[in-house]
$ cat target.pdb   # PDB, C-alpha atoms
MODEL        1
ATOM      1  CA  MET C   1      22.259   1.397  16.242
ATOM      2  CA  ASN C   2      19.179  -0.780  16.125
ATOM      3  CA  ILE C   3      16.498   0.897  13.994
ATOM      4  CA  THR C   4      13.755  -0.097  16.452
ATOM      5  CA  GLN C   5      15.579   1.827  19.194
ATOM      6  CA  SER C   6      16.222   4.997  17.192
ATOM      7  CA  ASN C   7      15.274   8.275  18.810
ATOM      8  CA  GLN C   8      13.105  10.238  16.436
ATOM      9  CA  THR C   9      12.476  13.931  16.899
ATOM     10  CA  PRO C  10       8.855  15.079  17.197
ATOM     11  CA  TRP C  11       9.098  16.615  13.699
ATOM     12  CA  GLN C  12      10.320  13.320  12.227
ATOM     13  CA  ILE C  13       7.378  11.574  13.875
ATOM     14  CA  VAL C  14       4.984  14.181  12.463
ATOM     15  CA  ALA C  15       6.541  13.811   8.994
ATOM     16  CA  LEU C  16       6.286  10.003   9.032
ATOM     17  CA  THR C  17       2.734  10.169  10.368
ATOM     18  CA  THR C  18       1.763  12.695   7.680
ATOM     19  CA  LEU C  19       3.296  10.494   4.973
ATOM     20  CA  ARG C  20       1.429   7.467   6.348
ATOM     21  CA  ILE C  21      -1.902   9.324   6.414
ATOM     22  CA  ALA C  22      -1.433  10.738   2.897
ATOM     23  CA  ILE C  23      -0.693   7.311   1.444
ATOM     24  CA  GLY C  24      -3.601   5.902   3.456
ATOM     25  CA  TRP C  25      -5.924   8.523   1.994
ATOM     26  CA  HIS C  26      -4.814   7.567  -1.516
ATOM     27  CA  PHE C  27      -5.468   3.865  -0.876
ATOM     28  CA  LEU C  28      -8.810   4.498   0.841
ATOM     29  CA  ASN C  29     -10.001   6.814  -1.924
ATOM     30  CA  GLU C  30      -8.992   4.347  -4.663
ATOM     31  CA  GLY C  31     -10.740   1.527  -2.808
ATOM     32  CA  LEU C  32     -13.966   3.412  -2.094
ATOM     33  CA  VAL C  33     -14.247   4.586  -5.710
ATOM     34  CA  LYS C  34     -14.056   0.941  -6.804
ATOM     35  CA  VAL C  35     -16.409  -0.364  -4.089
ATOM     36  CA  MET C  36     -19.065   2.277  -4.833
ATOM     37  CA  ASN C  37     -18.976   1.648  -8.581
ATOM     38  CA  PRO C  38     -20.915  -1.607  -9.155
ATOM     39  CA  GLY C  39     -19.586  -1.829 -12.716
ATOM     40  CA  TRP C  40     -15.919  -1.585 -11.750
ATOM     41  CA  SER C  41     -13.671  -4.496 -12.662
ATOM     42  CA  ALA C  42      -9.938  -5.096 -12.817
ATOM     43  CA  TYR C  43     -10.489  -6.773 -16.193
ATOM     44  CA  SER C  44      -9.241  -3.942 -18.417
ATOM     45  CA  TYR C  45      -6.151  -3.313 -16.252
ATOM     46  CA  LEU C  46      -5.232  -7.007 -16.144
ATOM     47  CA  ASN C  47      -6.067  -7.632 -19.784
ATOM     48  CA  GLY C  48      -3.989  -4.613 -20.804
ATOM     49  CA  ALA C  49      -0.931  -5.877 -18.938
ATOM     50  CA  VAL C  50       2.448  -5.590 -20.630
ATOM     51  CA  GLY C  51       5.912  -6.830 -19.778
ATOM     52  CA  PRO C  52       7.315 -10.128 -18.571
ATOM     53  CA  PHE C  53       4.225 -11.104 -16.536
ATOM     54  CA  ALA C  54       1.594 -10.012 -19.064
ATOM     55  CA  SER C  55       0.464 -13.549 -19.882
ATOM     56  CA  LEU C  56      -0.142 -14.297 -16.189
ATOM     57  CA  PHE C  57      -2.218 -11.157 -15.644
ATOM     58  CA  LYS C  58      -4.171 -11.712 -18.879
ATOM     59  CA  SER C  59      -4.943 -15.304 -17.910
ATOM     60  CA  LEU C  60      -6.286 -14.075 -14.545
ATOM     61  CA  ALA C  61      -8.532 -11.606 -16.378
ATOM     62  CA  SER C  62      -9.862 -14.301 -18.704
ATOM     63  CA  ASN C  63     -11.258 -16.474 -15.883
ATOM     64  CA  PRO C  64     -14.533 -14.908 -14.589
ATOM     65  CA  ASN C  65     -14.389 -16.712 -11.229
ATOM     66  CA  ILE C  66     -10.812 -15.688 -10.512
ATOM     67  CA  LEU C  67     -11.519 -12.167 -11.782
ATOM     68  CA  GLU C  68     -14.396 -11.775  -9.302
ATOM     69  CA  ILE C  69     -12.098 -12.819  -6.439
ATOM     70  CA  ILE C  70      -9.426 -10.387  -7.664
ATOM     71  CA  ASN C  71     -12.009  -7.593  -7.858
ATOM     72  CA  ILE C  72     -13.119  -8.149  -4.258
ATOM     73  CA  LEU C  73      -9.557  -8.525  -2.944
ATOM     74  CA  ASN C  74      -8.435  -5.400  -4.781
ATOM     75  CA  GLN C  75     -11.383  -3.241  -3.697
ATOM     76  CA  TRP C  76     -11.383  -4.242  -0.049
ATOM     77  CA  GLY C  77      -7.603  -4.571   0.128
ATOM     78  CA  LEU C  78      -7.309  -0.928  -0.889
ATOM     79  CA  VAL C  79      -9.968   0.114   1.638
ATOM     80  CA  LEU C  80      -8.428  -1.859   4.517
ATOM     81  CA  VAL C  81      -4.866  -0.764   3.771
ATOM     82  CA  GLY C  82      -6.106   2.834   3.510
ATOM     83  CA  LEU C  83      -7.972   2.682   6.822
ATOM     84  CA  GLY C  84      -5.058   0.979   8.566
ATOM     85  CA  LEU C  85      -2.614   3.628   7.375
ATOM     86  CA  MET C  86      -4.890   6.579   8.081
ATOM     87  CA  LEU C  87      -5.798   5.396  11.585
ATOM     88  CA  GLY C  88      -2.364   4.028  12.393
ATOM     89  CA  LEU C  89      -3.960   0.651  13.145
ATOM     90  CA  LEU C  90      -2.023  -2.533  12.353
ATOM     91  CA  THR C  91       0.323  -0.230  10.503
ATOM     92  CA  ARG C  92       2.973  -2.850   9.724
ATOM     93  CA  TRP C  93       0.349  -5.130   8.150
ATOM     94  CA  ALA C  94      -1.154  -2.212   6.244
ATOM     95  CA  CYS C  95       2.302  -1.306   4.898
ATOM     96  CA  LEU C  96       2.925  -4.907   3.830
ATOM     97  CA  GLY C  97      -0.500  -5.130   2.167
ATOM     98  CA  GLY C  98       0.075  -1.835   0.382
ATOM     99  CA  ILE C  99       3.518  -2.944  -0.792
ATOM    100  CA  ALA C 100       2.025  -6.180  -2.160
ATOM    101  CA  LEU C 101      -0.753  -4.364  -4.045
ATOM    102  CA  LEU C 102       1.629  -1.763  -5.467
ATOM    103  CA  ALA C 103       4.075  -4.460  -6.572
ATOM    104  CA  LEU C 104       1.264  -6.214  -8.449
ATOM    105  CA  TYR C 105       0.205  -2.944 -10.104
ATOM    106  CA  TYR C 106       3.809  -2.196 -11.016
ATOM    107  CA  PHE C 107       4.487  -5.597 -12.578
ATOM    108  CA  ALA C 108       1.197  -5.610 -14.488
ATOM    109  CA  ASN C 109       2.243  -2.442 -16.328
ATOM    110  CA  PRO C 110       5.950  -1.784 -15.735
ATOM    111  CA  PRO C 111       7.482   1.324 -17.306
ATOM    112  CA  PHE C 112      10.261  -0.560 -19.082
ATOM    113  CA  ILE C 113      11.961   0.455 -22.306
ATOM    114  CA  GLY C 114      10.482  -1.258 -25.338
ATOM    115  CA  LEU C 115       7.006  -1.882 -23.935
ATOM    116  CA  VAL C 116       4.567  -0.331 -26.367
ATOM    117  CA  ASP C 117       1.772   0.606 -23.958
ATOM    118  CA  ALA C 118       3.892   1.413 -20.895
ATOM    119  CA  SER C 119       4.489   5.007 -21.943
ATOM    120  CA  MET C 120       0.757   5.620 -22.363
ATOM    121  CA  VAL C 121      -0.075   5.238 -18.673
ATOM    122  CA  GLU C 122      -0.017   8.451 -16.630
ATOM    123  CA  GLY C 123       2.842   8.435 -14.168
ATOM    124  CA  ASN C 124       5.200   6.063 -16.033
ATOM    125  CA  TYR C 125       8.679   7.504 -16.294
ATOM    126  CA  LEU C 126      11.206   4.927 -17.464
ATOM    127  CA  ILE C 127      11.501   2.233 -14.757
ATOM    128  CA  VAL C 128      10.374   4.429 -11.843
ATOM    129  CA  ASN C 129       6.685   5.313 -11.731
ATOM    130  CA  LYS C 130       4.292   6.538  -9.055
ATOM    131  CA  ASN C 131       3.472   2.974  -7.956
ATOM    132  CA  LEU C 132       7.138   2.238  -7.317
ATOM    133  CA  ILE C 133       7.660   5.532  -5.463
ATOM    134  CA  GLU C 134       4.660   4.876  -3.208
ATOM    135  CA  LEU C 135       5.893   1.309  -2.660
ATOM    136  CA  PHE C 136       9.274   2.647  -1.483
ATOM    137  CA  ALA C 137       7.547   5.185   0.786
ATOM    138  CA  LEU C 138       5.599   2.335   2.415
ATOM    139  CA  TRP C 139       8.865   0.432   2.790
ATOM    140  CA  VAL C 140      10.319   3.399   4.708
ATOM    141  CA  LEU C 141       7.235   3.476   6.945
ATOM    142  CA  LEU C 142       7.555  -0.263   7.505
ATOM    143  CA  LEU C 143      11.196   0.029   8.603
ATOM    144  CA  PHE C 144      10.684   2.823  11.132
ATOM    145  CA  PRO C 145       9.157   2.026  14.523
ATOM    146  CA  GLY C 146       5.411   2.454  14.235
ATOM    147  CA  SER C 147       4.917   2.647  17.988
ATOM    148  CA  LYS C 148       6.300   6.205  18.039
ATOM    149  CA  ALA C 149       4.143   7.482  15.173
ATOM    150  CA  TYR C 150       0.786   9.012  15.982
ATOM    151  CA  GLY C 151      -2.109   6.585  15.626
ATOM    152  CA  ILE C 152      -4.010   3.780  17.318
ATOM    153  CA  ASP C 153      -0.955   1.464  17.294
ATOM    154  CA  ARG C 154       0.876   3.965  19.510
ATOM    155  CA  PHE C 155      -1.948   3.865  22.050
ATOM    156  CA  LEU C 156      -2.166   0.065  21.938
ATOM    157  CA  ASN C 157       1.608  -0.363  22.263
ATOM    158  CA  ARG C 158       1.685   1.999  25.232
ATOM    159  CA  LYS C 159      -1.201   0.073  26.841
ATOM    160  CA  ASN C 160       0.583  -3.269  26.259
ATOM    161  CA  THR C 161       3.841  -1.864  27.642
ATOM    162  CA  ASN C 162       2.057  -0.680  30.808
ATOM    163  CA  ARG C 163       0.417  -4.088  31.190
ATOM    164  CA  LYS C 164       3.788  -5.849  30.884
ATOM    165  CA  LEU C 165       5.370  -3.497  33.442
ATOM    166  CA  SER C 166       2.648  -4.089  36.012
ATOM    167  CA  ILE C 167       3.108  -7.866  36.026
TER     168      ILE C 167
ENDMDL
END
$ encode --input "target.pdb" --output "structure tokens"
Amino acid sequence: MNITQSNQTPWQIVALTTLRIAIGWHFLNEGLVKVMNPGWSAYSYLNGAVGPFASLFKSLASNPNILEIINILNQWGLVLVGLGLMLGLLTRWACLGGIALLALYYFANPPFIGLVDASMVEGNYLIVNKNLIELFALWVLLLFPGSKAYGIDRFLNRKNTNRKLSI
């Protein structure tokens, strides 16, 4: 069976929509907190990176021009992904953007055995942490047909389908 042609029950649609909105709220809240705090910077997170990519993240933090770009991309990326998920607008792109951000957060501070600081971060539990769980939840949302979930995409897809049928 093709996953894009699966028949979801109304309760499955409600569950997927609720999951999408909850993750969207988390992203939007994290983004708005950063946007509204003029002193916020990704410097300490990047500079405190551990694991195999630590030197890359630390080098990004050490360049003020690159750091400013990262700050803006992180703040507004979180806000846009959050809005997209909450409204159900451009949901596939919002899921992909969220997956990318979460992957970066995960690899900056992975919860791997032997990393000194990894156990000090709230939510790190030996390989699987909250970033990885949320990343996998977005992956599930990405793989299921967004046109059936409740949101603006559903309305737009229905409108486009009606337009195609009337031609």
$ closest_residue --input "target.pdb" --among "C:Leu56, C:Val140, C:Leu87, C:Ala149" --to "Pro10 of chain C" --atoms "all atoms listed in the file"
C:Ala149
$ resolve_selection --input "target.pdb" --expression "the PyMOL selection byres ((chain C and resi 52) around 9)" --output "list in words"
Val50, Gly51, Phe53, Ala54, Ser55, Leu56, Phe107, Ala108 and Pro110 of chain C
$ closest_residue --input "target.pdb" --among "C:Lys34, C:Gln8, C:Leu142, C:Val14" --to "Thr91 of chain C" --atoms "all atoms listed in the file"
C:Leu142
$ resolve_selection --input "target.pdb" --expression "the PyMOL selection byres ((chain C and resi 81) around 8)" --output "PyMOL selection string"
chain C and resi 24+27-28+77-80+82-85+94-95+97-98
$ resolve_selection --input "target.pdb" --expression "the PyMOL selection byres ((chain C and resi 40) around 12)" --output "PyMOL selection string"
chain C and resi 30-39+41-45+67-68+70-72+74-75
$ atom_distance --input "target.pdb" --atom1 "atom CA of Leu126 of chain C" --atom2 "atom CA of Leu46 of chain C"
20.4 Å
$ atom_distance --input "target.pdb" --atom1 "atom CA of Trp139 of chain C" --atom2 "atom CA of Ala22 of chain C"
14.6 Å
$ atom_distance --input "target.pdb" --atom1 "atom CA of Ala103 of chain C" --atom2 "atom CA of Asn131 of chain C"
7.6 Å
$ closest_residue --input "target.pdb" --among "C:Met86, C:Thr17, C:Trp11, C:Gly48" --to "Asn29 of chain C" --atoms "all atoms listed in the file"
C:Met86
$ closest_residue --input "target.pdb" --among "C:Leu156, C:Leu16, C:Ile127, C:Leu73" --to "Leu141 of chain C" --atoms "only C-alpha atoms"
C:Leu16
$ closest_residue --input "target.pdb" --among "C:Phe112, C:Phe155, C:Leu132, C:Gly88" --to "Thr18 of chain C" --atoms "all atoms listed in the file"
C:Gly88
$ closest_residue --input "target.pdb" --among "C:Leu143, C:Ile66, C:Ile133, C:Leu104" --to "Ile23 of chain C" --atoms "only C-alpha atoms"
C:Ile133
